[in-house]
Amino acid sequence: MAQAADSLIEDIYDAVTFPERWAGILERLCGLSDATHGFLFTTAPHHDSRTAALWARHNITDRQLADYTTHFRHRDVWANAAAARGLLSRCEVRRGEELVSDAVLRRSAFFNELLRDHGMGRLCALALSDGGELAPLQPVLSLYRPADASPFPDETIRLLQDCAPHLQRAIRLRVRLLSRQDGREEEVLWSGRMIDRLPMGVALLDAAGRLLCLNRAGQVMVDARDGLRLQQGRLQAEQGAEARRLAHALEAAVSAGARTVAARRGEAVDLRVSRPSGRAPYLLTVLPLSPEAAGPFGDAGGGGGDGARIRAVVYIVDPAAVAPGLGARLGGLFGLTPVEAALVADLLADLTPAEIGDRRGVAISTVRSQLRSIFAKTGTTRQSELMNLVNRCLMLPEGP
(Lines give C-alpha, C1' and ligand atoms only; values in the text may rest on other atoms or scores of the structure.)
Protein backbone atom coordinates (compact mmCIF):
# COMPACT_ATOMS: atom_id res chain seq x y z
CA MET A 1 0.00 0.00 0.00
CA ALA A 2 2.88 2.39 0.83
CA GLN A 3 4.39 1.82 -2.62
CA ALA A 4 1.00 2.42 -4.25
CA ALA A 5 0.59 5.63 -2.24
CA ASP A 6 4.03 6.91 -3.29
CA SER A 7 3.24 6.18 -6.93
CA LEU A 8 -0.12 7.95 -6.58
CA ILE A 9 1.58 11.03 -5.11
CA GLU A 10 3.99 11.12 -8.06
CA ASP A 11 1.02 11.02 -10.43
CA ILE A 12 -0.63 13.89 -8.53
CA TYR A 13 2.39 16.11 -9.14
CA ASP A 14 2.57 14.96 -12.78
CA ALA A 15 -0.93 16.39 -13.22
CA VAL A 16 0.43 19.91 -12.71
CA THR A 17 1.85 19.89 -16.21
CA PHE A 18 -0.06 16.90 -17.62
CA PRO A 19 -3.68 17.67 -16.60
CA GLU A 20 -4.87 14.76 -18.75
CA ARG A 21 -3.64 12.53 -15.92
CA TRP A 22 -6.26 13.69 -13.41
CA ALA A 23 -8.66 11.07 -14.77
CA GLY A 24 -6.10 8.35 -14.06
CA ILE A 25 -5.55 9.70 -10.54
CA LEU A 26 -9.30 9.57 -9.88
CA GLU A 27 -9.42 6.03 -11.26
CA ARG A 28 -6.64 4.93 -8.90
CA LEU A 29 -8.32 6.56 -5.91
CA CYS A 30 -11.54 4.76 -6.84
CA GLY A 31 -9.67 1.47 -7.04
CA LEU A 32 -8.07 1.98 -3.63
CA SER A 33 -11.38 2.92 -1.99
CA ASP A 34 -13.87 0.63 -3.79
CA ALA A 35 -15.56 3.67 -5.32
CA THR A 36 -17.27 3.46 -8.70
CA HIS A 37 -17.00 7.13 -9.75
CA GLY A 38 -14.64 10.03 -9.12
CA PHE A 39 -15.05 13.77 -9.68
CA LEU A 40 -12.74 16.76 -9.17
CA PHE A 41 -14.56 20.07 -9.55
CA THR A 42 -14.78 23.60 -8.18
CA THR A 43 -17.71 24.96 -6.19
CA ALA A 44 -16.85 28.59 -6.92
CA PRO A 45 -19.90 30.65 -7.96
CA HIS A 46 -18.31 31.51 -11.31
CA HIS A 47 -17.58 28.84 -13.90
CA ASP A 48 -15.12 29.97 -16.55
CA SER A 49 -12.21 28.52 -18.50
CA ARG A 50 -9.92 28.90 -15.47
CA THR A 51 -12.13 26.89 -13.13
CA ALA A 52 -13.10 24.42 -15.86
CA ALA A 53 -9.41 23.64 -16.34
CA LEU A 54 -9.40 22.15 -12.83
CA TRP A 55 -12.31 19.75 -13.48
CA ALA A 56 -11.71 16.03 -14.07
CA ARG A 57 -13.77 12.85 -13.80
CA HIS A 58 -13.70 9.07 -13.74
CA ASN A 59 -16.63 6.94 -14.97
CA ILE A 60 -18.83 10.02 -15.37
CA THR A 61 -20.30 10.34 -18.85
CA ASP A 62 -20.33 13.44 -21.01
CA ARG A 63 -24.12 13.60 -20.69
CA GLN A 64 -24.00 13.28 -16.92
CA LEU A 65 -21.39 16.04 -16.68
CA ALA A 66 -23.45 18.31 -18.96
CA ASP A 67 -26.60 17.67 -16.87
CA TYR A 68 -24.71 18.46 -13.69
CA THR A 69 -23.16 21.71 -14.92
CA THR A 70 -26.37 22.90 -16.60
CA HIS A 71 -29.15 21.79 -14.26
CA PHE A 72 -27.88 20.32 -11.00
CA ARG A 73 -24.74 22.19 -9.96
CA HIS A 74 -26.71 24.50 -7.69
CA ARG A 75 -29.07 21.70 -6.61
CA ASP A 76 -26.26 19.47 -5.31
CA VAL A 77 -27.60 18.80 -1.80
CA TRP A 78 -24.22 17.57 -0.56
CA ALA A 79 -22.31 20.64 -1.77
CA ASN A 80 -25.06 22.97 -0.53
CA ALA A 81 -25.02 21.40 2.93
CA ALA A 82 -21.23 21.63 3.09
CA ALA A 83 -21.33 25.28 2.01
CA ALA A 84 -23.98 26.13 4.61
CA ARG A 85 -21.75 24.70 7.35
CA GLY A 86 -18.62 26.45 6.09
CA LEU A 87 -16.93 23.17 5.21
CA LEU A 88 -15.92 24.24 1.71
CA SER A 89 -13.58 26.90 3.05
CA ARG A 90 -11.22 24.47 4.77
CA CYS A 91 -9.49 21.19 4.03
CA GLU A 92 -11.70 18.44 5.40
CA VAL A 93 -13.03 14.98 4.50
CA ARG A 94 -16.73 14.17 4.96
CA ARG A 95 -19.03 11.30 4.09
CA GLY A 96 -22.30 12.10 2.35
CA GLU A 97 -24.44 10.90 5.25
CA GLU A 98 -22.59 13.33 7.53
CA LEU A 99 -23.79 16.18 5.31
CA VAL A 100 -27.41 15.17 4.69
CA SER A 101 -29.40 12.16 5.82
CA ASP A 102 -30.18 9.35 3.41
CA ALA A 103 -33.86 10.28 3.64
CA VAL A 104 -33.20 13.88 2.56
CA LEU A 105 -30.92 12.75 -0.25
CA ARG A 106 -33.46 10.24 -1.59
CA ARG A 107 -36.21 12.86 -1.70
CA SER A 108 -34.08 15.29 -3.72
CA ALA A 109 -34.25 15.84 -7.47
CA PHE A 110 -30.46 15.71 -7.42
CA PHE A 111 -30.63 12.02 -6.45
CA ASN A 112 -33.75 10.96 -8.35
CA GLU A 113 -33.03 12.74 -11.63
CA LEU A 114 -29.22 12.49 -11.79
CA LEU A 115 -27.45 10.20 -9.33
CA ARG A 116 -29.68 7.16 -9.08
CA ASP A 117 -29.68 6.21 -12.76
CA HIS A 118 -25.88 6.34 -12.79
CA GLY A 119 -25.33 4.15 -9.73
CA MET A 120 -24.30 6.94 -7.36
CA GLY A 121 -25.66 7.52 -3.86
CA ARG A 122 -22.81 7.22 -1.38
CA LEU A 123 -20.24 10.01 -1.12
CA CYS A 124 -16.83 10.60 0.40
CA ALA A 125 -15.65 14.14 -0.38
CA LEU A 126 -12.45 16.06 0.30
CA ALA A 127 -12.72 19.86 0.32
CA LEU A 128 -9.37 21.26 -0.82
CA SER A 129 -9.63 24.96 -0.02
CA ASP A 130 -6.53 26.28 1.74
CA GLY A 131 -7.74 29.66 2.98
CA GLY A 132 -5.42 31.29 0.43
CA GLU A 133 -4.95 30.80 -3.30
CA LEU A 134 -7.57 28.07 -3.54
CA ALA A 135 -10.22 29.84 -1.45
CA PRO A 136 -11.93 31.55 -4.43
CA LEU A 137 -12.07 28.25 -6.34
CA GLN A 138 -13.15 25.91 -3.53
CA PRO A 139 -12.00 22.69 -5.23
CA VAL A 140 -13.57 19.41 -4.10
CA LEU A 141 -12.57 15.82 -4.84
CA SER A 142 -15.48 13.39 -4.53
CA LEU A 143 -15.66 9.60 -4.60
CA TYR A 144 -18.99 7.80 -5.09
CA ARG A 145 -20.60 4.40 -4.57
CA PRO A 146 -24.09 3.12 -5.39
CA ALA A 147 -26.86 4.08 -2.96
CA ASP A 148 -27.28 0.48 -1.76
CA ALA A 149 -23.55 0.07 -1.01
CA SER A 150 -22.08 0.42 2.47
CA PRO A 151 -20.81 3.87 3.55
CA PHE A 152 -17.16 4.63 2.88
CA PRO A 153 -14.97 3.24 5.70
CA ASP A 154 -12.41 5.07 7.84
CA GLU A 155 -9.64 3.76 5.58
CA THR A 156 -10.96 5.93 2.74
CA ILE A 157 -11.04 8.95 5.06
CA ARG A 158 -7.39 8.37 5.94
CA LEU A 159 -6.45 7.86 2.28
CA LEU A 160 -7.92 11.22 1.27
CA GLN A 161 -6.43 12.94 4.31
CA ASP A 162 -2.99 11.62 3.36
CA CYS A 163 -3.43 12.80 -0.24
CA ALA A 164 -4.86 16.20 0.71
CA PRO A 165 -1.62 18.24 1.07
CA HIS A 166 -0.27 16.85 -2.20
CA LEU A 167 -3.52 17.54 -4.03
CA GLN A 168 -3.57 21.10 -2.68
CA ARG A 169 0.01 21.78 -3.79
CA ALA A 170 -0.60 20.32 -7.24
CA ILE A 171 -3.77 22.38 -7.74
CA ARG A 172 -2.03 25.55 -6.47
CA LEU A 173 0.79 25.03 -8.96
CA ARG A 174 -1.73 24.37 -11.72
CA VAL A 175 -3.55 27.60 -10.85
CA ARG A 176 -0.27 29.54 -10.94
CA LEU A 177 0.53 28.05 -14.34
CA LEU A 178 -2.89 29.00 -15.66
CA SER A 179 -2.53 32.54 -14.33
CA ARG A 180 0.65 33.00 -16.37
CA GLN A 181 -1.18 32.43 -19.60
CA ASP A 182 -3.01 35.80 -19.52
CA GLY A 183 -6.44 34.43 -20.26
CA ARG A 184 -5.57 33.00 -23.67
CA GLU A 185 -5.01 29.39 -22.66
CA GLU A 186 -7.33 27.77 -25.16
CA GLU A 187 -5.85 29.75 -28.03
CA VAL A 188 -2.26 28.88 -27.21
CA LEU A 189 -2.62 25.45 -25.65
CA TRP A 190 -1.16 23.65 -28.66
CA SER A 191 0.87 26.49 -30.09
CA GLY A 192 4.52 26.01 -30.94
CA ARG A 193 5.36 29.14 -28.97
CA MET A 194 4.02 27.55 -25.82
CA ILE A 195 5.53 24.08 -26.09
CA ASP A 196 8.87 25.50 -27.18
CA ARG A 197 9.20 26.93 -23.67
CA LEU A 198 8.94 23.51 -22.05
CA PRO A 199 12.27 22.07 -20.87
CA MET A 200 11.06 18.56 -21.81
CA GLY A 201 10.61 17.29 -25.33
CA VAL A 202 7.05 17.36 -26.68
CA ALA A 203 5.98 15.60 -29.87
CA LEU A 204 2.44 16.03 -31.24
CA LEU A 205 1.15 13.21 -33.45
CA ASP A 206 -1.71 12.99 -35.93
CA ALA A 207 -4.15 10.10 -36.38
CA ALA A 208 -1.61 8.22 -38.51
CA GLY A 209 1.14 8.57 -35.90
CA ARG A 210 3.08 11.11 -37.98
CA LEU A 211 4.77 14.05 -36.35
CA LEU A 212 2.82 17.30 -36.47
CA CYS A 213 5.21 19.25 -34.29
CA LEU A 214 8.36 18.70 -32.24
CA ASN A 215 9.34 21.40 -29.78
CA ARG A 216 12.81 22.85 -29.36
CA ALA A 217 13.91 20.53 -26.53
CA GLY A 218 12.69 17.48 -28.44
CA GLN A 219 14.51 18.58 -31.59
CA VAL A 220 17.75 18.86 -29.62
CA MET A 221 17.31 15.26 -28.42
CA VAL A 222 16.58 13.95 -31.91
CA ASP A 223 19.48 15.90 -33.44
CA ALA A 224 21.86 14.34 -30.89
CA ARG A 225 21.12 10.86 -32.38
CA ASP A 226 21.61 9.39 -28.94
CA GLY A 227 18.74 6.89 -28.79
CA LEU A 228 15.97 8.72 -30.66
CA ARG A 229 15.52 9.62 -34.33
CA LEU A 230 12.95 10.76 -36.89
CA GLN A 231 12.30 8.43 -39.81
CA GLN A 232 9.77 9.42 -42.50
CA GLY A 233 8.05 11.76 -40.10
CA ARG A 234 7.79 9.23 -37.29
CA LEU A 235 9.50 9.22 -33.90
CA GLN A 236 11.57 6.08 -33.40
CA ALA A 237 13.95 4.54 -30.90
CA GLU A 238 17.28 3.43 -32.33
CA GLN A 239 17.60 0.05 -30.60
CA GLY A 240 15.59 -3.00 -31.68
CA ALA A 241 13.47 -4.04 -28.69
CA GLU A 242 12.94 -0.46 -27.57
CA ALA A 243 12.05 0.57 -31.13
CA ARG A 244 9.33 -2.09 -31.22
CA ARG A 245 7.93 -1.08 -27.82
CA LEU A 246 7.82 2.59 -28.78
CA ALA A 247 6.24 1.87 -32.17
CA HIS A 248 3.57 -0.26 -30.49
CA ALA A 249 2.88 2.43 -27.88
CA LEU A 250 2.51 5.14 -30.54
CA GLU A 251 0.21 3.00 -32.68
CA ALA A 252 -1.98 2.20 -29.65
CA ALA A 253 -2.08 5.84 -28.60
CA VAL A 254 -3.34 7.27 -31.89
CA SER A 255 -5.88 4.46 -32.10
CA ALA A 256 -7.06 5.07 -28.51
CA GLY A 257 -7.30 8.78 -29.23
CA ALA A 258 -10.26 8.16 -31.50
CA ARG A 259 -12.39 7.02 -28.58
CA THR A 260 -14.07 8.96 -25.78
CA VAL A 261 -12.58 9.65 -22.38
CA ALA A 262 -14.99 7.23 -20.75
CA ALA A 263 -13.77 4.41 -23.00
CA ARG A 264 -10.07 5.03 -22.35
CA ARG A 265 -8.54 3.53 -19.23
CA GLY A 266 -4.88 3.30 -18.37
CA GLU A 267 -3.63 3.77 -21.90
CA ALA A 268 -0.87 6.25 -21.16
CA VAL A 269 2.41 4.36 -21.51
CA ASP A 270 5.68 5.16 -19.74
CA LEU A 271 8.89 3.73 -21.16
CA ARG A 272 12.63 4.30 -21.22
CA VAL A 273 14.87 4.65 -24.26
CA SER A 274 18.51 3.85 -23.65
CA ARG A 275 21.30 5.96 -25.12
CA PRO A 276 24.45 4.73 -26.87
CA SER A 277 26.41 7.46 -25.09
CA GLY A 278 25.78 5.75 -21.76
CA ARG A 279 23.95 8.76 -20.32
CA ALA A 280 20.75 8.23 -18.34
CA PRO A 281 17.96 6.86 -20.58
CA TYR A 282 15.31 9.18 -21.93
CA LEU A 283 11.98 8.88 -20.06
CA LEU A 284 8.98 8.89 -22.39
CA THR A 285 5.25 9.13 -21.73
CA VAL A 286 2.97 8.39 -24.66
CA LEU A 287 -0.46 9.87 -24.03
CA PRO A 288 -3.52 9.35 -26.25
CA LEU A 289 -6.00 12.20 -26.53
CA SER A 290 -9.74 11.75 -26.78
CA PRO A 291 -11.77 13.85 -29.24
CA GLU A 292 -12.64 16.11 -26.29
CA ALA A 293 -8.99 16.76 -25.46
CA ALA A 294 -7.55 16.66 -28.98
CA GLY A 295 -7.45 20.03 -30.65
CA PRO A 296 -6.76 21.23 -34.17
CA PHE A 297 -3.12 21.76 -34.93
CA GLY A 298 -2.75 25.46 -35.55
CA ASP A 299 0.11 27.81 -34.81
CA ALA A 300 2.73 25.19 -34.05
CA GLY A 301 5.30 26.30 -36.54
CA GLY A 302 4.83 23.41 -38.93
CA GLY A 303 2.78 22.11 -41.80
CA GLY A 304 -0.47 21.56 -39.91
CA GLY A 305 -2.30 24.65 -41.03
CA ASP A 306 -4.83 22.51 -42.88
CA GLY A 307 -6.56 21.68 -39.61
CA ALA A 308 -4.98 18.28 -38.87
CA ARG A 309 -5.90 17.17 -35.37
CA ILE A 310 -3.56 16.11 -32.59
CA ARG A 311 -4.35 12.53 -31.55
CA ALA A 312 -1.46 11.78 -29.18
CA VAL A 313 1.32 13.52 -27.31
CA VAL A 314 4.77 12.17 -26.45
CA TYR A 315 6.59 13.77 -23.53
CA ILE A 316 10.35 13.18 -23.41
CA VAL A 317 12.45 13.93 -20.35
CA ASP A 318 16.24 13.93 -20.36
CA PRO A 319 17.29 13.23 -16.74
CA ALA A 320 20.81 14.41 -17.54
CA ALA A 321 19.69 17.86 -18.71
CA VAL A 322 20.39 20.84 -16.50
CA ALA A 323 17.28 23.00 -16.13
CA PRO A 324 17.95 26.75 -16.48
CA GLY A 325 16.69 29.35 -14.05
CA LEU A 326 16.31 26.88 -11.18
CA GLY A 327 16.96 29.36 -8.39
CA ALA A 328 14.49 31.94 -9.65
CA ARG A 329 11.81 29.31 -10.21
CA LEU A 330 12.12 27.79 -6.74
CA GLY A 331 12.20 31.26 -5.22
CA GLY A 332 9.05 32.27 -7.05
CA LEU A 333 7.08 29.11 -6.34
CA PHE A 334 8.14 28.36 -2.77
CA GLY A 335 10.05 31.37 -1.45
CA LEU A 336 13.37 29.54 -1.24
CA THR A 337 16.44 31.66 -0.65
CA PRO A 338 19.35 31.47 -3.14
CA VAL A 339 21.26 29.27 -0.67
CA GLU A 340 18.30 26.92 -0.31
CA ALA A 341 17.76 26.80 -4.07
CA ALA A 342 21.45 25.93 -4.54
CA LEU A 343 21.05 23.13 -2.00
CA VAL A 344 18.13 21.73 -4.00
CA ALA A 345 20.25 21.89 -7.17
CA ASP A 346 22.97 19.89 -5.41
CA LEU A 347 20.41 17.28 -4.35
CA LEU A 348 19.18 17.06 -7.94
CA ALA A 349 22.80 16.34 -8.92
CA ASP A 350 22.70 13.28 -6.59
CA LEU A 351 24.96 14.80 -3.94
CA THR A 352 24.37 13.65 -0.36
CA PRO A 353 23.99 16.18 2.48
CA ALA A 354 27.48 15.21 3.66
CA GLU A 355 28.95 15.84 0.20
CA ILE A 356 27.12 19.16 -0.02
CA GLY A 357 28.56 20.18 3.36
CA ASP A 358 32.09 19.26 2.25
CA ARG A 359 31.70 21.18 -1.02
CA ARG A 360 30.47 24.30 0.78
CA GLY A 361 32.77 24.02 3.77
CA VAL A 362 29.90 23.92 6.29
CA ALA A 363 28.86 21.39 8.91
CA ILE A 364 26.36 18.74 7.93
CA SER A 365 24.12 20.03 10.74
CA THR A 366 23.90 23.33 8.82
CA VAL A 367 22.91 21.50 5.64
CA ARG A 368 20.26 19.55 7.53
CA SER A 369 18.90 22.73 9.08
CA GLN A 370 18.59 24.30 5.61
CA LEU A 371 16.92 21.13 4.36
CA ARG A 372 14.34 21.32 7.16
CA SER A 373 13.58 24.89 6.11
CA ILE A 374 13.12 23.72 2.50
CA PHE A 375 10.76 20.94 3.66
CA ALA A 376 8.69 23.48 5.59
CA LYS A 377 8.44 25.90 2.65
CA THR A 378 7.55 23.23 0.11
CA GLY A 379 5.24 21.25 2.39
CA THR A 380 7.29 18.07 1.98
CA THR A 381 8.64 15.76 4.66
CA ARG A 382 11.16 13.56 2.87
CA GLN A 383 13.98 14.13 0.42
CA SER A 384 12.44 11.77 -2.14
CA GLU A 385 9.14 13.65 -1.93
CA LEU A 386 10.97 16.96 -2.36
CA MET A 387 12.81 15.66 -5.43
CA ASN A 388 9.56 14.44 -7.00
CA LEU A 389 7.96 17.85 -6.44
CA VAL A 390 10.94 19.82 -7.76
CA ASN A 391 11.35 17.63 -10.85
CA ARG A 392 7.73 18.22 -11.78
CA CYS A 393 7.98 21.95 -11.14
CA LEU A 394 10.95 22.08 -13.51
CA MET A 395 8.65 20.84 -16.26
CA LEU A 396 6.64 24.07 -16.14
CA PRO A 397 7.13 26.34 -19.15
CA GLU A 398 10.16 28.61 -19.24
CA GLY A 399 9.95 32.29 -19.99
CA PRO A 400 10.45 33.51 -23.56
# chains A, B, ... in the order shown; residues from 1 in each chain; ligands from 1
>>> residues_around(residues="A:Arg360", least_positions_apart="5", cutoff="12 Å", atoms="only C-alpha atoms", output="JSON, numbers by chain")
{"A": [339, 342, 343, 346, 351, 353, 354, 355, 366, 367]}
>>> select_by_dssp(residues="stretch 69-274 of chain A", states="helix (DSSP H, G or I)", output="MDAnalysis selection string")
chainID A and resid 69:75 77:84 87:89 96:99 102:107 109:118 154:179 185:188 192:195 216:223 240:256 261:263
>>> atom_distance(atom1="atom CA of A:Ala247", atom2="atom CA of A:Leu235")
8.2 Å
>>> atom_distance(atom1="atom CA of A:Leu65", atom2="atom CA of A:Asp162")
27.6 Å
>>> closest_residue(among="A:Arg145, A:Arg229, A:His118, A:Arg272", to="A:Gly31", atoms="only C-alpha atoms")
A:Arg145
>>> closest_residue(among="A:Leu173, A:Leu40, A:Val344, A:Val317", to="A:Pro199", atoms="only C-alpha atoms")
A:Val317
>>> closest_residue(among="A:Leu26, A:Ala224, A:Leu126, A:Ala208", to="A:Ala253", atoms="only C-alpha atoms")
A:Ala208
>>> residues_around(residues="A:Ser365", least_positions_apart="6", cutoff="12 Å", atoms="only C-alpha atoms", output="VMD selection string")
chain A and resid 353 to 354 356 to 358 371 to 372
>>> closest_residue(among="A:Leu330, A:Leu214, A:Met200, A:Leu230", to="A:Leu284", atoms="only C-alpha atoms")
A:Met200
>>> select_by_dssp(residues="stretch 53-128 of chain A", states="strand (DSSP E or B)", output="list of chain:residue names")
A:Ala56, A:Arg57, A:His58, A:Glu92, A:Val93, A:Arg94, A:Arg95, A:Arg122, A:Leu123, A:Cys124, A:Ala125, A:Leu126, A:Ala127
>>> atom_distance(atom1="atom CA of A:Leu54", atom2="atom CA of A:Arg106")
29.1 Å
>>> residues_around(residues="A:Gly233", least_positions_apart="6", cutoff="12 Å", atoms="only C-alpha atoms", output="list in words")
Ala203, Leu204, Leu205, Asp206, Ala208, Gly209, Arg210, Leu211, Leu212, Cys213, Leu214 and Gly303 of chain A
